[in-house]
Amino acid sequence: MSDLILEFYSEEIPSRMQLKASRDLKVFFIDGLSSSGLKYNKIETFVTPRRLTLFIKNLSKSTPSYYEEKRGPRVGAPEKAIEGFIKSLNINKSSLYIQKEKKGEFYFYKSLHKGHSAKDIIIQITSDIIDRFPWQKSMRWGEGNLKWVRPLKFIYCSLFESNKKPQSVNFKLNEIVSVDYTMGHYLISDQKIFPKNIEDYKNKLFANKVILDRNERKTIIIKSYEDLLKTENSKVIYDDDLLEEIVGLVEWPVVLLGYIDEGFLSLPKEILQVTMKEHQKFLSVFNNKTKLIDKFIVVANMLADDGGKAILEGNSRVLRSRLNDAKFFFEKDMKIIKNKGLLSFKKKLKNVTFHNKIGSQFDRINKIEKLSSKIAHLISADTIKCQKAASLCKNDLVSQVVTEFPELQGTVGKIYADLDGTDIDISNAIAEHYLPVKHDDKVPLNPISVVVSISDKINTLICFWKIKEKPTGSKDPFGLRRCAIGLIRTLIENKLKLNIRKLIFDYLNIDELNDLFIFLEERFRVYLIERNYDHGVLDACLSYKDFNDPYLTFLKINTINNFKKDNNFKKLTYSYKRAINILNSEEKKNSIIFSKKPLSKLFEEKEEEILFKKITEVEKKVKRSLEKDDFYSALLSLSTFDNEIEKFFEKVTINVDNQDVKFNRLNLCNKVRQNMHLVAYFSYINV
């Protein structure tokens with residue numbers, strides 16, 4: 001058994017790609033080793049800005065050898081058949097042996113398949129990784145054809161056995177040749193590192209100012225800035241996304257504390273925070289006493305002889321320049337608001353194009369206002385506030401600050417609305433209607449924010465579907481997939497029943513409308529699959545093709561998904577499958593669908609009458625439950641006639657000579673199926 005280190009050393013890997021790359025590398029090797037049959041104990045992966053590393057513990061030296069036995073013609077078969085068997089195996093007849101079986105004696109050949117060495121398998125998997133690694137974006141460099149996220153410098157790959165010299169795994173991939181060493185921090189150390197084992201690799205990297213484990217780097221950053229702020233009566237405004245990005249920018253984090261010039265402290269803290277985050281990757285520091293953001297944390301990627309003074313001065317200088325711009329534009333905006341009012345921005349939106357085929361931002365706002373009024377009425381929100389928020393929600397797009405700092409849209413709108421004395425619910429809606437911005441972002445929860453957010457997203461989808469600019473393949477230039485997921489999440493997480501099809505029916509022709517709802521249903525399915533909902537349950541509910549109300553559909557799916565854990569679900573599926581199995585068989589055989597109402601006058605056994613009476617009783621209960629959207633009660637009712645089903649199939653014969661009686665019994669089985677299908681197509685669900 002041996003341990004393996006594999007390291008891809010390249011130029012800077014973008015921070016946002018690092019975690020996924022680490023996971024993908026692990027999956028690649030797990031799949032590759034599994035398919036090859038090579039055994040191992042543990043796989044770990046690590047990523048820094050410059051290296052993607054994999055450890056394998058207790059790796060077998062080779063795959064096991066095995067024998068494969070092939071049976072040939074019967075003894076006494078024509079010579080041509082025997083010769084053909086020998087020729088197909090490229091052997092002599094003397095290599096065959098005879099073995100007796102039940103059907104007689106046969107020729108056999110046993111061949112030895114030797115195992116493949118760990119080296120050969122590692123080389124093959126690594127070559128596949130280079131060819132097929134799923135980087136979001138990759139590049140070529142120089143004159144070679146190799147593609148990687150950034151220019152690949154070298155690949156270090158070695159096997160280690162206890163008390164033995166490391167064994168380098170040598171291979172050449174296009175212009176990249178494997179080496180028997182790695183390097184430390186590219187700014188601090190130029191020494192080649194020759195590890196003796198995995199622990200020695202970690203230790204020597206650390207000695208050369210590389211911390212391999214990103215969690216360790218994150219811990220160091222947090223501990224360092226907490227130590228720096230112990231005497232400052234201040235705290236870092238925790239931002240996990242920014243912190244994760246910073247961790248991906250450094251191999252040796254050096255944390256420094258900087259101070260914001262007093263002249264900028266009058267800026268709204270949101271502008272300060274976003275400016276430092278987006279442009280400088282600084283963490284904002286909040287002063288508990290003054291309630292201002294007056295400091296920042298910068299994380300450098302190197303040691304400095306002066307303790308970081310020059311680094312801090314350089315970063316402060318750049319920040320000062322950015323904040324000077326922000327202050328200048330903020331003050332210009334405030335003069336306009338003071339002299340002309342906040343609504344003066346709205347007129348300028350007529351000159352701002354939303355899309356050349358759709359119209360201006362002014363046109364967009366008018367549409368959002370109308371939708372907001374309708375939706376507010378449907379969900380009993382304050383219609384006047386919703387319309388007011390909708391009329392202001394894009395005004396900041398023409399502000400000086402957002403023109404210079406586009407990432408501040410919404411945030412600046414809220415700040416200006418607050419300064420203008422706007423109702424707090426309305427100003428919050430201006431900022432929150434953009435939510436969720438990212439995959440795992442929160443959704444708006446305030447009713448006014450929810451209405452404007454839904455209106456904006458629905459309007460966006462309608463507009464782009466009308467001009468036939470929907471996403472294709474991996475391309476989604478207008479972020480419509482994100483928009484659809486945001487709409488679905490907002491409805492589900494706010495538990496809002498809203499028939500979107502009915503709401504937008506008049507805005508699109510029937511083909512456009514149906515196509516949009518196919519798209520929404522696909523996004524809805526993806527959203528739930530990512531949350532580990534059962535595929536069968538999704539199919540059982542979405543096969544209705546009535547995806548009009550996302551929350552109501554989710555409520556049904558969620559109830560069935562949970563009901564699967566209930567013992568009553570077994571009773572329900574038992575009743576369903578007993579009826580549907582014989583129906584499927586007979587409908588296929590007779591080329592007919594049994595859909596008529598069963599006739600009492602054709603019942604010959606009391607079990608038929610009892611089952612019919614029970615089904616009728618259950619049907620009424622189920623329909624009453626569905627009218628109240630009470631899917632749990634509906635499922636519970638459907639699980640109550642398993643005894644009647646069992647006695648029916650035990651006492652009643654379906655396939656009788658009298659065709660009228662037979663078909664009537666099959667129609668009775670269909671009555672069971674119809675009842676079940678009032679809720680879902682349970683045949684899709686694996687029990």
# chains A, B, ... in the order shown; residues from 1 in each chain; ligands from 1
>>> select_by_dssp(residues="range 371-615 of chain A", states="alpha helix (DSSP H)", output="PyMOL selection string")
chain A and resi 371-378+383-392+400-404+411-419+424-432+447-466+480-493+500-504+510-529+535-542+550-563+567-590+606-615
>>> closest_residue(among="A:Asp24, A:Glu101, A:Asp549, A:Glu331", to="Leu503 in chain A", atoms="only C-alpha atoms")
A:Asp549
>>> residues_around(residues="Glu469 in chain A", least_positions_apart="6", cutoff="10 Å", atoms="only C-alpha atoms", output="PyMOL selection string")
chain A and resi 357+461+463+476-478+480
>>> residues_around(residues="Lys70 in chain A", least_positions_apart="5", cutoff="9 Å", atoms="only C-alpha atoms", output="PDB file with N, CA and C atoms, in the first residue's frame")
ATOM      1  N   TYR A 107     -15.544 -27.676 -24.731  1.00  0.00           N
ATOM      2  CA  TYR A 107     -14.196 -27.114 -24.667  1.00  0.00           C
ATOM      3  C   TYR A 107     -14.243 -25.795 -23.896  1.00  0.00           C
ATOM      4  N   PHE A 108     -13.202 -25.592 -23.086  1.00  0.00           N
ATOM      5  CA  PHE A 108     -13.096 -24.345 -22.314  1.00  0.00           C
ATOM      6  C   PHE A 108     -11.694 -23.772 -22.457  1.00  0.00           C
ATOM      7  N   TYR A 109     -11.625 -22.430 -22.277  1.00  0.00           N
ATOM      8  CA  TYR A 109     -10.315 -21.782 -22.239  1.00  0.00           C
ATOM      9  C   TYR A 109     -10.299 -20.800 -21.072  1.00  0.00           C
ATOM     10  N   LYS A 110      -9.241 -20.853 -20.290  1.00  0.00           N
ATOM     11  CA  LYS A 110      -9.105 -19.948 -19.149  1.00  0.00           C
ATOM     12  C   LYS A 110      -7.923 -19.022 -19.408  1.00  0.00           C
ATOM     13  N   SER A 111      -8.208 -17.696 -19.395  1.00  0.00           N
ATOM     14  CA  SER A 111      -7.145 -16.716 -19.653  1.00  0.00           C
ATOM     15  C   SER A 111      -6.880 -15.889 -18.401  1.00  0.00           C
TER      16      SER A 111
END
>>> residues_around(residues="Ser168 in chain A", least_positions_apart="4", cutoff="7 Å", atoms="only C-alpha atoms", output="short mmCIF file (atom, residue, chain, number, x, y, z; two decimals) with N, CA, C and O atoms, in the first residue's frame")
data_model
loop_
_atom_site.label_atom_id
_atom_site.label_comp_id
_atom_site.auth_asym_id
_atom_site.auth_seq_id
_atom_site.Cartn_x
_atom_site.Cartn_y
_atom_site.Cartn_z
N CYS A 157 3.53 14.66 -9.09
CA CYS A 157 2.82 13.42 -8.77
C CYS A 157 3.81 12.39 -8.25
O CYS A 157 4.77 12.02 -8.94
N SER A 158 3.60 11.92 -7.00
CA SER A 158 4.51 10.95 -6.39
C SER A 158 3.75 9.96 -5.53
O SER A 158 2.72 10.29 -4.92
N LEU A 159 4.29 8.73 -5.50
CA LEU A 159 3.79 7.67 -4.61
C LEU A 159 4.76 7.50 -3.46
O LEU A 159 5.99 7.56 -3.65
N ASP A 180 9.24 16.05 -10.04
CA ASP A 180 9.33 15.36 -8.75
C ASP A 180 9.45 16.35 -7.58
O ASP A 180 9.93 16.01 -6.51
#
>>> residues_around(residues="Glu199 in chain A", least_positions_apart="5", cutoff="12 Å", atoms="only C-alpha atoms", output="PyMOL selection string")
chain A and resi 3-5+55+57+160+204-206+212
>>> select_by_dssp(residues="range 282-429 of chain A", states="strand (DSSP E)", output="PyMOL selection string")
chain A and resi 283-287+293-300+353-355+359-360
>>> atom_distance(atom1="CA of Glu407 in chain A", atom2="CA of His279 in chain A")
10.2 Å
>>> residues_around(residues="Ser380 in chain A", least_positions_apart="6", cutoff="12 Å", atoms="only C-alpha atoms", output="PDB file with all heavy atoms, in the first residue's frame")
ATOM      1  N   SER A 372     -48.095  45.177 -10.011  1.00  0.00           N
ATOM      2  CA  SER A 372     -48.079  45.288  -8.543  1.00  0.00           C
ATOM      3  C   SER A 372     -49.473  45.541  -7.999  1.00  0.00           C
ATOM      4  O   SER A 372     -49.864  44.987  -6.958  1.00  0.00           O
ATOM      5  CB  SER A 372     -47.139  46.416  -8.102  1.00  0.00           C
ATOM      6  OG  SER A 372     -45.803  46.099  -8.388  1.00  0.00           O
ATOM      7  N   SER A 373     -50.225  46.363  -8.689  1.00  0.00           N
ATOM      8  CA  SER A 373     -51.594  46.660  -8.256  1.00  0.00           C
ATOM      9  C   SER A 373     -52.455  45.394  -8.276  1.00  0.00           C
ATOM     10  O   SER A 373     -53.205  45.120  -7.332  1.00  0.00           O
ATOM     11  CB  SER A 373     -52.192  47.729  -9.174  1.00  0.00           C
ATOM     12  OG  SER A 373     -53.513  48.030  -8.778  1.00  0.00           O
ATOM     13  N   LYS A 374     -52.316  44.609  -9.356  1.00  0.00           N
ATOM     14  CA  LYS A 374     -53.093  43.363  -9.472  1.00  0.00           C
ATOM     15  C   LYS A 374     -52.693  42.363  -8.390  1.00  0.00           C
ATOM     16  O   LYS A 374     -53.539  41.764  -7.727  1.00  0.00           O
ATOM     17  CB  LYS A 374     -52.857  42.724 -10.848  1.00  0.00           C
ATOM     18  CG  LYS A 374     -53.552  43.417 -11.992  1.00  0.00           C
ATOM     19  CD  LYS A 374     -53.321  42.619 -13.273  1.00  0.00           C
ATOM     20  CE  LYS A 374     -54.011  43.289 -14.453  1.00  0.00           C
ATOM     21  NZ  LYS A 374     -53.805  42.525 -15.703  1.00  0.00           N
ATOM     22  N   CYS A 386     -47.750  49.444  -2.534  1.00  0.00           N
ATOM     23  CA  CYS A 386     -47.116  48.608  -3.561  1.00  0.00           C
ATOM     24  C   CYS A 386     -46.903  49.399  -4.851  1.00  0.00           C
ATOM     25  O   CYS A 386     -45.840  49.307  -5.480  1.00  0.00           O
ATOM     26  CB  CYS A 386     -47.969  47.373  -3.846  1.00  0.00           C
ATOM     27  SG  CYS A 386     -47.942  46.160  -2.510  1.00  0.00           S
ATOM     28  N   PRO A 447     -44.457  42.156   2.828  1.00  0.00           N
ATOM     29  CA  PRO A 447     -45.470  42.070   1.763  1.00  0.00           C
ATOM     30  C   PRO A 447     -45.266  43.054   0.615  1.00  0.00           C
ATOM     31  O   PRO A 447     -45.459  42.693  -0.553  1.00  0.00           O
ATOM     32  CB  PRO A 447     -46.782  42.351   2.509  1.00  0.00           C
ATOM     33  CG  PRO A 447     -46.515  41.929   3.915  1.00  0.00           C
ATOM     34  CD  PRO A 447     -45.081  42.232   4.167  1.00  0.00           C
ATOM     35  N   ILE A 448     -44.875  44.292   0.915  1.00  0.00           N
ATOM     36  CA  ILE A 448     -44.674  45.290  -0.143  1.00  0.00           C
ATOM     37  C   ILE A 448     -43.486  44.871  -1.021  1.00  0.00           C
ATOM     38  O   ILE A 448     -43.562  44.905  -2.251  1.00  0.00           O
ATOM     39  CB  ILE A 448     -44.426  46.706   0.442  1.00  0.00           C
ATOM     40  CG1 ILE A 448     -45.456  47.041   1.527  1.00  0.00           C
ATOM     41  CG2 ILE A 448     -44.418  47.743  -0.670  1.00  0.00           C
ATOM     42  CD1 ILE A 448     -46.890  46.989   1.086  1.00  0.00           C
ATOM     43  N   VAL A 450     -42.338  41.860  -1.404  1.00  0.00           N
ATOM     44  CA  VAL A 450     -42.717  40.629  -2.108  1.00  0.00           C
ATOM     45  C   VAL A 450     -43.500  40.963  -3.373  1.00  0.00           C
ATOM     46  O   VAL A 450     -43.225  40.419  -4.454  1.00  0.00           O
ATOM     47  CB  VAL A 450     -43.548  39.709  -1.177  1.00  0.00           C
ATOM     48  CG1 VAL A 450     -44.192  38.579  -1.974  1.00  0.00           C
ATOM     49  CG2 VAL A 450     -42.666  39.134  -0.074  1.00  0.00           C
ATOM     50  N   VAL A 451     -44.469  41.852  -3.253  1.00  0.00           N
ATOM     51  CA  VAL A 451     -45.308  42.211  -4.411  1.00  0.00           C
ATOM     52  C   VAL A 451     -44.463  42.821  -5.529  1.00  0.00           C
ATOM     53  O   VAL A 451     -44.581  42.434  -6.698  1.00  0.00           O
ATOM     54  CB  VAL A 451     -46.438  43.181  -3.985  1.00  0.00           C
ATOM     55  CG1 VAL A 451     -47.117  43.774  -5.218  1.00  0.00           C
ATOM     56  CG2 VAL A 451     -47.459  42.469  -3.120  1.00  0.00           C
ATOM     57  N   LEU A 496     -47.241  31.761  -0.676  1.00  0.00           N
ATOM     58  CA  LEU A 496     -48.230  32.557  -1.401  1.00  0.00           C
ATOM     59  C   LEU A 496     -48.884  31.738  -2.507  1.00  0.00           C
ATOM     60  O   LEU A 496     -48.211  31.268  -3.428  1.00  0.00           O
ATOM     61  CB  LEU A 496     -47.555  33.776  -2.032  1.00  0.00           C
ATOM     62  CG  LEU A 496     -47.251  34.950  -1.114  1.00  0.00           C
ATOM     63  CD1 LEU A 496     -46.549  36.040  -1.905  1.00  0.00           C
ATOM     64  CD2 LEU A 496     -48.524  35.504  -0.486  1.00  0.00           C
ATOM     65  N   LYS A 497     -50.190  31.574  -2.416  1.00  0.00           N
ATOM     66  CA  LYS A 497     -50.947  30.923  -3.479  1.00  0.00           C
ATOM     67  C   LYS A 497     -51.278  31.985  -4.527  1.00  0.00           C
ATOM     68  O   LYS A 497     -51.998  32.940  -4.252  1.00  0.00           O
ATOM     69  CB  LYS A 497     -52.223  30.293  -2.924  1.00  0.00           C
ATOM     70  CG  LYS A 497     -51.965  29.160  -1.946  1.00  0.00           C
ATOM     71  CD  LYS A 497     -53.255  28.664  -1.320  1.00  0.00           C
ATOM     72  CE  LYS A 497     -52.962  27.642  -0.226  1.00  0.00           C
ATOM     73  NZ  LYS A 497     -54.190  27.224   0.481  1.00  0.00           N
ATOM     74  N   LEU A 498     -50.718  31.815  -5.717  1.00  0.00           N
ATOM     75  CA  LEU A 498     -50.921  32.804  -6.776  1.00  0.00           C
ATOM     76  C   LEU A 498     -50.947  32.080  -8.119  1.00  0.00           C
ATOM     77  O   LEU A 498     -49.960  31.457  -8.517  1.00  0.00           O
ATOM     78  CB  LEU A 498     -49.786  33.835  -6.762  1.00  0.00           C
ATOM     79  CG  LEU A 498     -49.934  35.036  -7.689  1.00  0.00           C
ATOM     80  CD1 LEU A 498     -51.120  35.905  -7.266  1.00  0.00           C
ATOM     81  CD2 LEU A 498     -48.658  35.870  -7.686  1.00  0.00           C
TER      82      LEU A 498
END
>>> closest_residue(among="A:Phe28, A:Phe612, A:Phe603, A:Phe648", to="Lys662 in chain A", atoms="only C-alpha atoms")
A:Phe603
>>> atom_distance(atom1="CA of Tyr632 in chain A", atom2="CA of Arg673 in chain A")
18.3 Å
>>> closest_residue(among="A:Lys577, A:Lys269, A:Lys340, A:Lys370", to="Ala390 in chain A", atoms="only C-alpha atoms")
A:Lys370
